[in-house]
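Dropping model-v6.cif in here (mmCIF, C-alpha atoms):
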```
data_target
#
loop_
_atom_site.label_atom_id
_atom_site.label_comp_id
_atom_site.auth_asym_id
_atom_site.auth_seq_id
_atom_site.Cartn_x
_atom_site.Cartn_y
_atom_site.Cartn_z
CA MET O 1 200.35 236.47 215.54
CA VAL O 2 196.56 236.86 215.76
CA THR O 3 196.79 238.05 219.37
CA SER O 4 199.39 240.68 218.50
CA LYS O 5 197.24 241.92 215.62
CA LEU O 6 194.17 242.14 217.87
CA LEU O 7 196.17 244.16 220.39
CA ALA O 8 197.39 246.43 217.60
CA PHE O 9 193.81 246.97 216.39
CA PHE O 10 192.70 247.71 219.96
CA GLN O 11 195.52 250.19 220.50
CA HIS O 12 194.76 251.86 217.18
CA GLY O 13 191.12 252.29 218.14
CA PHE O 14 191.99 253.61 221.60
CA VAL O 15 194.47 256.17 220.27
CA LEU O 16 191.99 257.29 217.64
CA ALA O 17 189.16 257.66 220.19
CA ARG O 18 191.39 259.44 222.69
CA SER O 19 192.50 261.94 220.06
CA TYR O 20 188.93 263.32 220.08
CA LYS O 21 188.92 264.09 223.81
CA LEU O 22 185.58 265.92 223.91
CA ASN O 23 183.79 263.10 222.10
CA PHE O 24 185.55 260.54 224.32
CA ALA O 25 184.35 262.26 227.50
CA ALA O 26 180.88 262.97 226.10
CA LYS O 27 180.10 259.26 225.82
CA TYR O 28 180.45 258.75 229.55
CA PHE O 29 178.67 261.99 230.41
CA THR O 30 175.76 260.93 228.17
CA THR O 31 175.67 257.62 230.02
CA LEU O 32 175.16 259.45 233.31
CA VAL O 33 172.49 261.76 231.90
CA THR O 34 170.59 258.82 230.41
CA VAL O 35 170.45 257.04 233.77
CA VAL O 36 169.14 260.23 235.41
CA PHE O 37 166.46 260.44 232.70
CA TYR O 38 165.31 256.88 233.44
CA LEU O 39 165.24 257.69 237.16
CA PHE O 40 162.98 260.72 236.77
CA LEU O 41 160.75 259.00 234.22
CA ALA O 42 160.14 256.17 236.70
CA GLU O 43 159.53 258.73 239.45
CA LEU O 44 156.99 260.54 237.23
CA PHE O 45 155.06 257.32 236.67
CA ARG O 46 155.17 256.55 240.39
CA ARG O 47 153.77 259.95 241.33
CA MET O 48 151.02 259.62 238.73
CA ASN O 49 150.18 256.21 240.23
CA VAL O 50 150.41 254.62 236.80
CA ALA O 51 149.75 250.88 236.89
CA LEU O 52 150.46 248.16 234.39
CA PRO O 53 147.54 245.99 233.31
CA PRO O 54 147.17 242.87 235.51
CA GLY O 55 149.43 240.09 234.29
CA THR O 56 151.15 242.41 231.83
CA ASP O 57 154.64 241.03 231.99
CA PRO O 58 156.06 238.21 234.09
CA LEU O 59 159.52 239.69 233.74
CA ILE O 60 158.64 242.60 236.01
CA THR O 61 158.81 241.85 239.70
CA ASP O 62 155.47 240.67 241.09
CA PRO O 63 154.47 243.84 243.02
CA LEU O 64 154.55 245.77 239.76
CA VAL O 65 152.25 243.45 237.89
CA THR O 66 149.12 244.45 239.74
CA GLY O 67 150.26 247.59 241.58
CA PRO O 68 151.53 251.05 240.73
CA LEU O 69 154.95 251.50 239.20
CA THR O 70 157.70 251.94 241.79
CA THR O 71 161.46 252.35 241.60
CA ASP O 72 161.64 248.80 240.16
CA TYR O 73 160.36 250.29 236.91
CA PHE O 74 163.59 252.29 236.97
CA THR O 75 165.48 248.98 236.88
CA PHE O 76 163.23 247.80 234.05
CA LEU O 77 164.04 250.96 232.04
CA LEU O 78 167.74 250.82 232.91
CA VAL O 79 168.22 247.28 231.62
CA GLY O 80 166.22 247.95 228.47
CA GLY O 81 167.94 251.25 227.68
CA ALA O 82 171.48 250.12 228.46
CA PHE O 83 171.33 246.96 226.38
CA SER O 84 169.43 248.56 223.51
CA LYS O 85 172.33 251.01 223.19
CA TYR O 86 174.72 248.07 223.33
CA VAL O 87 172.82 246.38 220.51
CA GLU O 88 172.94 249.56 218.45
CA ILE O 89 176.71 249.70 218.89
CA ASN O 90 177.11 246.08 217.75
CA MET O 91 174.86 246.59 214.72
CA ARG O 92 176.35 249.90 213.55
CA THR O 93 180.02 249.65 214.53
CA LEU O 94 181.15 247.36 211.71
CA PRO O 95 179.60 249.25 208.76
CA ASP O 96 180.51 252.67 210.19
CA THR O 97 184.11 251.66 210.89
CA LEU O 98 184.56 250.08 207.48
CA ARG O 99 183.14 253.18 205.81
CA GLU O 100 185.61 255.37 207.70
CA GLU O 101 188.52 253.09 206.84
CA MET O 102 187.54 253.20 203.18
CA LEU O 103 187.24 256.99 203.24
CA VAL O 104 190.73 257.49 204.68
CA GLY O 105 192.19 254.82 202.39
CA THR O 106 193.55 252.42 205.02
CA LEU O 107 191.42 249.37 204.24
CA GLU O 108 193.02 248.48 200.90
CA PRO O 109 196.63 248.46 202.22
CA LEU O 110 195.49 246.39 205.20
CA LEU O 111 193.88 243.78 202.97
CA SER O 112 197.07 243.54 200.92
CA THR O 113 199.04 242.35 203.96
CA ALA O 114 199.23 238.82 205.36
CA THR O 115 196.42 239.67 207.79
CA PRO O 116 193.47 237.29 207.29
CA THR O 117 190.64 239.02 205.43
CA THR O 118 188.09 238.46 208.19
CA LEU O 119 190.44 239.88 210.83
CA ALA O 120 191.31 242.85 208.63
CA LEU O 121 187.64 243.70 208.20
CA LEU O 122 186.53 243.13 211.79
CA GLY O 123 189.66 244.21 213.66
CA PRO O 124 189.22 248.00 213.36
CA SER O 125 185.92 247.71 215.26
CA LEU O 126 187.44 245.87 218.24
CA PHE O 127 187.96 248.88 220.50
CA ILE O 128 184.46 250.26 219.96
CA LEU O 129 182.92 246.88 220.83
CA VAL O 130 184.99 246.62 224.01
CA GLU O 131 184.16 250.22 224.89
CA GLY O 132 180.47 249.46 224.36
CA THR O 133 180.72 246.68 226.94
CA LEU O 134 182.37 249.10 229.35
CA LEU O 135 179.66 251.73 228.79
CA VAL O 136 176.89 249.22 229.59
CA THR O 137 178.73 248.18 232.74
CA VAL O 138 179.17 251.81 233.81
CA GLN O 139 175.49 252.51 233.18
CA LEU O 140 174.41 249.56 235.33
CA VAL O 141 176.78 250.60 238.12
CA ILE O 142 175.49 254.19 238.06
CA GLY O 143 171.93 252.85 238.03
CA ALA O 144 172.66 250.69 241.08
CA PHE O 145 174.03 253.77 242.83
CA PHE O 146 170.75 255.58 242.14
CA GLY O 147 168.68 252.69 243.48
CA ALA O 148 168.26 250.12 240.71
CA ASP O 149 167.41 246.78 242.28
CA PHE O 150 169.81 244.00 241.31
CA SER O 151 169.52 242.17 244.63
CA ARG O 152 168.14 239.03 242.96
CA ALA O 153 170.27 239.23 239.83
CA ASN O 154 171.75 236.04 238.39
CA TRP O 155 174.91 237.54 236.92
CA PRO O 156 176.36 234.37 235.28
CA ALA O 157 173.07 233.85 233.40
CA ALA O 158 173.03 237.54 232.42
CA VAL O 159 176.58 237.31 231.05
CA CYS O 160 175.68 234.20 229.02
CA LEU O 161 172.56 235.89 227.64
CA THR O 162 174.58 238.97 226.73
CA GLY O 163 177.10 236.84 224.86
CA LEU O 164 174.38 235.04 222.91
CA MET O 165 172.60 238.27 222.07
CA VAL O 166 175.77 240.06 220.98
CA GLY O 167 176.84 237.09 218.85
CA CYS O 168 173.45 236.97 217.16
CA LEU O 169 173.23 240.69 216.44
CA PHE O 170 176.89 240.88 215.46
CA CYS O 171 175.95 238.65 212.53
CA TRP O 172 173.53 241.36 211.42
CA GLY O 173 176.35 243.89 211.76
CA VAL O 174 178.50 241.77 209.44
CA ILE O 175 175.69 241.66 206.87
CA SER O 176 175.37 245.45 207.09
CA ALA O 177 179.15 245.78 206.72
CA ALA O 178 179.00 243.66 203.55
CA PHE O 179 176.43 246.09 202.15
CA THR O 180 178.77 248.99 202.95
CA LEU O 181 181.70 247.25 201.25
CA ARG O 182 179.72 246.34 198.15
CA TYR O 183 177.83 249.59 197.56
CA LYS O 184 180.02 252.02 199.56
CA ARG O 185 176.99 253.46 201.27
CA GLN O 186 175.53 253.03 204.73
CA ASP O 187 173.00 250.23 204.98
CA PRO O 188 169.53 251.89 205.07
CA VAL O 189 167.93 248.74 206.46
CA ASN O 190 170.05 249.09 209.60
CA ASN O 191 168.28 252.32 210.56
CA ILE O 192 164.88 250.73 210.00
CA VAL O 193 165.76 247.67 212.08
CA GLY O 194 167.09 249.92 214.85
CA ALA O 195 163.88 251.96 214.99
CA ILE O 196 161.70 248.84 214.99
CA THR O 197 163.81 247.35 217.78
CA TYR O 198 163.26 250.34 220.06
CA VAL O 199 159.48 250.21 219.59
CA PHE O 200 158.71 246.49 219.41
CA SER O 201 161.36 244.78 221.56
CA GLY O 202 160.12 246.02 224.93
CA VAL O 203 162.87 248.52 225.62
CA PHE O 204 160.66 251.03 227.45
CA PHE O 205 157.46 249.07 228.03
CA PRO O 206 156.50 245.37 228.13
CA VAL O 207 155.88 243.70 224.78
CA SER O 208 152.59 242.33 226.12
CA MET O 209 151.20 245.87 226.23
CA LEU O 210 151.26 246.00 222.44
CA PRO O 211 148.20 244.95 220.41
CA PRO O 212 148.32 241.24 219.50
CA ALA O 213 149.04 242.00 215.83
CA MET O 214 152.08 244.08 216.77
CA GLN O 215 153.34 241.45 219.18
CA VAL O 216 153.91 239.24 216.14
CA ILE O 217 156.52 241.76 214.96
CA SER O 218 158.14 241.75 218.40
CA TYR O 219 158.71 238.02 218.41
CA LEU O 220 160.33 238.14 214.98
CA LEU O 221 163.16 240.23 216.45
CA PRO O 222 166.08 238.52 218.24
CA PHE O 223 166.53 241.43 220.64
CA THR O 224 163.08 240.74 222.09
CA TYR O 225 164.28 237.36 223.35
CA GLY O 226 167.63 238.74 224.45
CA LEU O 227 166.02 241.50 226.48
CA GLN O 228 163.44 239.13 227.97
CA GLY O 229 166.22 236.81 229.06
CA LEU O 230 168.33 239.61 230.50
CA ARG O 231 165.44 241.02 232.51
CA GLY O 232 164.58 237.55 233.72
CA ALA O 233 168.17 237.07 234.91
CA LEU O 234 168.77 240.55 236.33
CA LEU O 235 165.35 241.36 237.81
CA ASN O 236 164.09 237.94 238.86
CA GLY O 237 167.28 235.90 239.24
CA ARG O 238 166.32 233.25 236.68
CA GLY O 239 168.89 230.74 235.52
CA LEU O 240 169.64 229.48 232.02
CA ILE O 241 167.31 226.49 232.40
CA GLU O 242 164.38 228.77 233.24
CA LEU O 243 165.39 231.04 230.35
CA GLY O 244 165.58 228.09 227.95
CA PRO O 245 163.04 229.44 225.39
CA ASP O 246 164.93 232.75 225.09
CA VAL O 247 168.28 230.97 224.81
CA ALA O 248 166.88 228.62 222.14
CA ALA O 249 165.43 231.53 220.15
CA LEU O 250 168.77 233.36 220.12
CA LEU O 251 170.59 230.21 219.01
CA ILE O 252 168.09 229.70 216.18
CA PHE O 253 168.46 233.31 215.00
CA THR O 254 172.25 232.95 215.12
CA ALA O 255 172.15 229.69 213.15
CA VAL O 256 170.15 231.46 210.45
CA LEU O 257 172.09 234.74 210.35
CA LEU O 258 175.66 233.39 210.64
CA PRO O 259 175.82 231.63 207.23
CA ILE O 260 174.19 234.66 205.60
CA ALA O 261 176.75 236.94 207.27
CA LEU O 262 179.73 234.84 206.16
CA PHE O 263 178.41 234.50 202.62
CA SER O 264 177.73 238.24 202.40
CA ILE O 265 181.10 239.44 203.66
CA ARG O 266 183.03 236.95 201.52
CA GLY O 267 180.99 237.86 198.46
CA ALA O 268 181.49 241.60 198.99
CA THR O 269 185.24 241.19 199.50
CA ARG O 270 185.57 238.96 196.45
CA TYR O 271 183.67 241.46 194.30
CA LEU O 272 185.86 244.37 195.40
CA LYS O 273 189.09 242.45 194.76
CA HIS O 274 188.00 241.31 191.31
CA SER O 275 186.62 244.69 190.27
CA GLY O 276 189.51 246.70 191.69
CA ALA O 277 187.05 249.11 193.28
CA LEU O 278 188.34 248.75 196.83
CA GLY O 279 190.50 251.87 196.60
CA HIS O 280 187.71 254.07 195.23
CA TYR O 281 184.97 255.53 197.34
#
```

Here is the file; what I need is its structure written in the form of structure tokens.
Amino acid sequence: MVTSKLLAFFQHGFVLARSYKLNFAAKYFTTLVTVVFYLFLAELFRRMNVALPPGTDPLITDPLVTGPLTTDYFTFLLVGGAFSKYVEINMRTLPDTLREEMLVGTLEPLLSTATPTTLALLGPSLFILVEGTLLVTVQLVIGAFFGADFSRANWPAAVCLTGLMVGCLFCWGVISAAFTLRYKRQDPVNNIVGAITYVFSGVFFPVSMLPPAMQVISYLLPFTYGLQGLRGALLNGRGLIELGPDVAALLIFTAVLLPIALFSIRGATRYLKHSGALGHY
């Protein structure tokens, strides 16, 4: 029964996305353009002979640490940009989808069926989450075609790190979705967290280049550890044992955020059912 409902949610999301053909195609075109942007940005730095400070970041391949930036910086940018977009999808999909379902009036009838509440709330986002995984994969493949270096990549470790990171940040998405259900507005904190993540999590430059005071902010963000682990696996071929600190940090963040997420979504749903406000937006 659960499997059939998940397939129905996936089909619903696919049909809805396909109905907006221009938007559907634009996502993949944007993916290509973004990779080209990273390629030329890395080439600009190479031609300017820009060098990272000695010992800046152990996650960059050794020749980059003390020498000028080369095409490996393109790989550094590609991994950071691709997975930061993936994180944004996981954080924003749930609240945005729930808001849309509430606007069109489909959420209340769905919750009145025998479908479990959690599945009814999370199911409509299934296709977007799967599509996000596909977009990241496409971006990495296009990057490899343009010269991104994944020759030393430890793909099993990268997949495990991705799963841990997505699970951790999905909890934040559930909390944001609870805010949307309760107040019927988009969560303003989500935008703030997203902006901070881009600046302080090492998406475009190593965290160690930040002033020490700002590095404190970086290491309070789960995506910092997720991105460090992913770069360690994809650029340097590190395994899960070597990435133990990053794995442990993601597990700790998940252990903290998961109970908050469950409490928030259950509380928001209970409030809407008792108040009868679910059908009003």

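In this comparison, which uses only C-alpha atoms, the residue of O:Glu88, O:Asp149, O:Glu101, O:Glu43 approaching Thr133 of chain O most closely is O:Glu88.
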
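Closest approach to Leu257 of chain O from the set O:Ser201, O:Gln215, O:Ser176, O:Ser112 is made by O:Ser176, with distances taken over all atoms listed in the file.
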
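Of note, atom CA of Thr180 of chain O and atom CA of Leu220 of chain O are spaced 24.5 Å apart.
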
If you measure from atom CA of Phe10 of chain O to atom CA of Val141 of chain O, what distance in Å do you get, rounded to one decimal? 24.3 Å

Since I can't run it myself right now, could you work out what the PyMOL selection byres ((chain O and resi 34) around 12) selects here and report it as a PDB file with C-alpha atoms, keeping the file's coordinate frame?
```pdb
ATOM      1  CA  ALA O  26     180.880 262.970 226.100  1.00  0.00           C
ATOM      2  CA  LYS O  27     180.100 259.260 225.820  1.00  0.00           C
ATOM      3  CA  TYR O  28     180.450 258.750 229.550  1.00  0.00           C
ATOM      4  CA  PHE O  29     178.670 261.990 230.410  1.00  0.00           C
ATOM      5  CA  THR O  30     175.760 260.930 228.170  1.00  0.00           C
ATOM      6  CA  THR O  31     175.670 257.620 230.020  1.00  0.00           C
ATOM      7  CA  LEU O  32     175.160 259.450 233.310  1.00  0.00           C
ATOM      8  CA  VAL O  33     172.490 261.760 231.900  1.00  0.00           C
ATOM      9  CA  VAL O  35     170.450 257.040 233.770  1.00  0.00           C
ATOM     10  CA  VAL O  36     169.140 260.230 235.410  1.00  0.00           C
ATOM     11  CA  PHE O  37     166.460 260.440 232.700  1.00  0.00           C
ATOM     12  CA  TYR O  38     165.310 256.880 233.440  1.00  0.00           C
ATOM     13  CA  LEU O  39     165.240 257.690 237.160  1.00  0.00           C
ATOM     14  CA  PHE O  40     162.980 260.720 236.770  1.00  0.00           C
ATOM     15  CA  LEU O  41     160.750 259.000 234.220  1.00  0.00           C
ATOM     16  CA  PHE O  74     163.590 252.290 236.970  1.00  0.00           C
ATOM     17  CA  LEU O  77     164.040 250.960 232.040  1.00  0.00           C
ATOM     18  CA  LEU O  78     167.740 250.820 232.910  1.00  0.00           C
ATOM     19  CA  VAL O  79     168.220 247.280 231.620  1.00  0.00           C
ATOM     20  CA  GLY O  80     166.220 247.950 228.470  1.00  0.00           C
ATOM     21  CA  GLY O  81     167.940 251.250 227.680  1.00  0.00           C
ATOM     22  CA  ALA O  82     171.480 250.120 228.460  1.00  0.00           C
ATOM     23  CA  LYS O  85     172.330 251.010 223.190  1.00  0.00           C
ATOM     24  CA  LEU O 135     179.660 251.730 228.790  1.00  0.00           C
ATOM     25  CA  VAL O 136     176.890 249.220 229.590  1.00  0.00           C
ATOM     26  CA  VAL O 138     179.170 251.810 233.810  1.00  0.00           C
ATOM     27  CA  GLN O 139     175.490 252.510 233.180  1.00  0.00           C
ATOM     28  CA  LEU O 140     174.410 249.560 235.330  1.00  0.00           C
ATOM     29  CA  ILE O 142     175.490 254.190 238.060  1.00  0.00           C
ATOM     30  CA  GLY O 143     171.930 252.850 238.030  1.00  0.00           C
TER      31      GLY O 143
END
```

Sphere at (192.4, 252.5, 224.5), radius 12 Å, counting all atoms listed in the file: residues as a list in words: Leu7, Ala8, Phe9, Phe10, Gln11, His12, Gly13, Phe14, Val15, Leu16, Ala17, Arg18, Ser19, Phe24, Leu126, Phe127, Ile128, Leu129, Val130, Glu131 and Leu134 of chain O

Writing out the chosen residues with C-alpha atoms as a compact mmCIF listing (two decimals), in the coordinates of the input:
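Below you can see part_15.txt, which holds the result:
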```
# COMPACT_ATOMS: atom_id res chain seq x y z
CA LEU O 7 196.17 244.16 220.39
CA ALA O 8 197.39 246.43 217.60
CA PHE O 9 193.81 246.97 216.39
CA PHE O 10 192.70 247.71 219.96
CA GLN O 11 195.52 250.19 220.50
CA HIS O 12 194.76 251.86 217.18
CA GLY O 13 191.12 252.29 218.14
CA PHE O 14 191.99 253.61 221.60
CA VAL O 15 194.47 256.17 220.27
CA LEU O 16 191.99 257.29 217.64
CA ALA O 17 189.16 257.66 220.19
CA ARG O 18 191.39 259.44 222.69
CA SER O 19 192.50 261.94 220.06
CA PHE O 24 185.55 260.54 224.32
CA LEU O 126 187.44 245.87 218.24
CA PHE O 127 187.96 248.88 220.50
CA ILE O 128 184.46 250.26 219.96
CA LEU O 129 182.92 246.88 220.83
CA VAL O 130 184.99 246.62 224.01
CA GLU O 131 184.16 250.22 224.89
CA LEU O 134 182.37 249.10 229.35
```

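Atom pair atom CA of Leu258 of chain O / atom CA of Tyr86 of chain O: separated by 19.4 Å.
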
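Applied to the file shown here, the PyMOL selection byres ((chain O and resi 174) around 10) selects the residues Asn90, Met91, Arg92, Thr93, Leu94, Pro95, Leu121, Leu122, Leu169, Phe170, Cys171, Trp172, Gly173, Ile175, Ser176, Ala177, Ala178, Phe179, Thr180, Leu257, Leu258, Ile260, Ala261, Leu262, Phe263, Ser264 and Ile265 of chain O.
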
For C-alpha atoms, I'd like the residues from the last selection saved as a PDB file, in the frame of the given file.
```
ATOM      1  CA  ASN O  90     177.110 246.080 217.750  1.00  0.00           C
ATOM      2  CA  MET O  91     174.860 246.590 214.720  1.00  0.00           C
ATOM      3  CA  ARG O  92     176.350 249.900 213.550  1.00  0.00           C
ATOM      4  CA  THR O  93     180.020 249.650 214.530  1.00  0.00           C
ATOM      5  CA  LEU O  94     181.150 247.360 211.710  1.00  0.00           C
ATOM      6  CA  PRO O  95     179.600 249.250 208.760  1.00  0.00           C
ATOM      7  CA  LEU O 121     187.640 243.700 208.200  1.00  0.00           C
ATOM      8  CA  LEU O 122     186.530 243.130 211.790  1.00  0.00           C
ATOM      9  CA  LEU O 169     173.230 240.690 216.440  1.00  0.00           C
ATOM     10  CA  PHE O 170     176.890 240.880 215.460  1.00  0.00           C
ATOM     11  CA  CYS O 171     175.950 238.650 212.530  1.00  0.00           C
ATOM     12  CA  TRP O 172     173.530 241.360 211.420  1.00  0.00           C
ATOM     13  CA  GLY O 173     176.350 243.890 211.760  1.00  0.00           C
ATOM     14  CA  ILE O 175     175.690 241.660 206.870  1.00  0.00           C
ATOM     15  CA  SER O 176     175.370 245.450 207.090  1.00  0.00           C
ATOM     16  CA  ALA O 177     179.150 245.780 206.720  1.00  0.00           C
ATOM     17  CA  ALA O 178     179.000 243.660 203.550  1.00  0.00           C
ATOM     18  CA  PHE O 179     176.430 246.090 202.150  1.00  0.00           C
ATOM     19  CA  THR O 180     178.770 248.990 202.950  1.00  0.00           C
ATOM     20  CA  LEU O 257     172.090 234.740 210.350  1.00  0.00           C
ATOM     21  CA  LEU O 258     175.660 233.390 210.640  1.00  0.00           C
ATOM     22  CA  ILE O 260     174.190 234.660 205.600  1.00  0.00           C
ATOM     23  CA  ALA O 261     176.750 236.940 207.270  1.00  0.00           C
ATOM     24  CA  LEU O 262     179.730 234.840 206.160  1.00  0.00           C
ATOM     25  CA  PHE O 263     178.410 234.500 202.620  1.00  0.00           C
ATOM     26  CA  SER O 264     177.730 238.240 202.400  1.00  0.00           C
ATOM     27  CA  ILE O 265     181.100 239.440 203.660  1.00  0.00           C
TER      28      ILE O 265
END
```

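Applied to the file shown here, the PyMOL selection byres ((chain O and resi 157) around 10) selects the residues Ala153, Asn154, Trp155, Pro156, Ala158, Val159, Cys160, Leu161, Thr162, Gly163, Gly229, Leu230, Gly232, Ala233, Leu234, Gly237, Arg238, Gly239, Leu240, Ile241 and Leu243 of chain O.
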
Dump C-alpha atoms for the selected residues as a CSV table (one decimal), in the coordinates of the input?
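Writing done, so here's part.csv:
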```
chain,number,residue,atom,x,y,z
O,153,ALA,CA,170.3,239.2,239.8
O,154,ASN,CA,171.8,236.0,238.4
O,155,TRP,CA,174.9,237.5,236.9
O,156,PRO,CA,176.4,234.4,235.3
O,158,ALA,CA,173.0,237.5,232.4
O,159,VAL,CA,176.6,237.3,231.0
O,160,CYS,CA,175.7,234.2,229.0
O,161,LEU,CA,172.6,235.9,227.6
O,162,THR,CA,174.6,239.0,226.7
O,163,GLY,CA,177.1,236.8,224.9
O,229,GLY,CA,166.2,236.8,229.1
O,230,LEU,CA,168.3,239.6,230.5
O,232,GLY,CA,164.6,237.6,233.7
O,233,ALA,CA,168.2,237.1,234.9
O,234,LEU,CA,168.8,240.6,236.3
O,237,GLY,CA,167.3,235.9,239.2
O,238,ARG,CA,166.3,233.2,236.7
O,239,GLY,CA,168.9,230.7,235.5
O,240,LEU,CA,169.6,229.5,232.0
O,241,ILE,CA,167.3,226.5,232.4
O,243,LEU,CA,165.4,231.0,230.4
```

Would you list the contacts of segment 181-183 of chain O as a PDB file with C-alpha atoms, keeping the file's coordinate frame, taking every protein, DNA or RNA residue within 8 Å and counting only C-alpha atoms, but skipping same-chain residues closer than 3 positions in sequence?
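Heads up, here's the output in part_30.pdb:
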```pdb
ATOM      1  CA  LEU O  98     184.560 250.080 207.480  1.00  0.00           C
ATOM      2  CA  ARG O  99     183.140 253.180 205.810  1.00  0.00           C
ATOM      3  CA  ALA O 177     179.150 245.780 206.720  1.00  0.00           C
ATOM      4  CA  ALA O 178     179.000 243.660 203.550  1.00  0.00           C
ATOM      5  CA  ALA O 268     181.490 241.600 198.990  1.00  0.00           C
ATOM      6  CA  THR O 269     185.240 241.190 199.500  1.00  0.00           C
ATOM      7  CA  TYR O 271     183.670 241.460 194.300  1.00  0.00           C
ATOM      8  CA  LEU O 272     185.860 244.370 195.400  1.00  0.00           C
TER       9      LEU O 272
END
```

With only C-alpha atoms as the atoms that count, which of O:Pro222, O:Thr75, O:Arg270, O:Thr118 lies nearest to Phe150 of chain O? O:Thr75

Leaving out Phe200 of chain O and any residue of its chain fewer than 4 positions from it, which residues lie within 8 Å of it when counting only C-alpha atoms, given as an MDAnalysis selection string? chainID O and resid 196 207 214:215 217:218 224

Hey, which of O:Asn23, O:Ile192, O:Phe83, O:Leu6 ends up closest to Thr137 of chain O? Count all atoms listed in the file. O:Phe83

Residue with the minimum atom-to-atom distance to Gly202 of chain O, picked from O:Ala120, O:Leu227, O:Ala249, O:Leu221 with only C-alpha atoms counted, is O:Leu227

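When only C-alpha atoms are used to measure the gap to Tyr198 of chain O, the shortest distance among O:Asn49, O:Ser84, O:Thr97, O:Ser4 belongs to O:Ser84.
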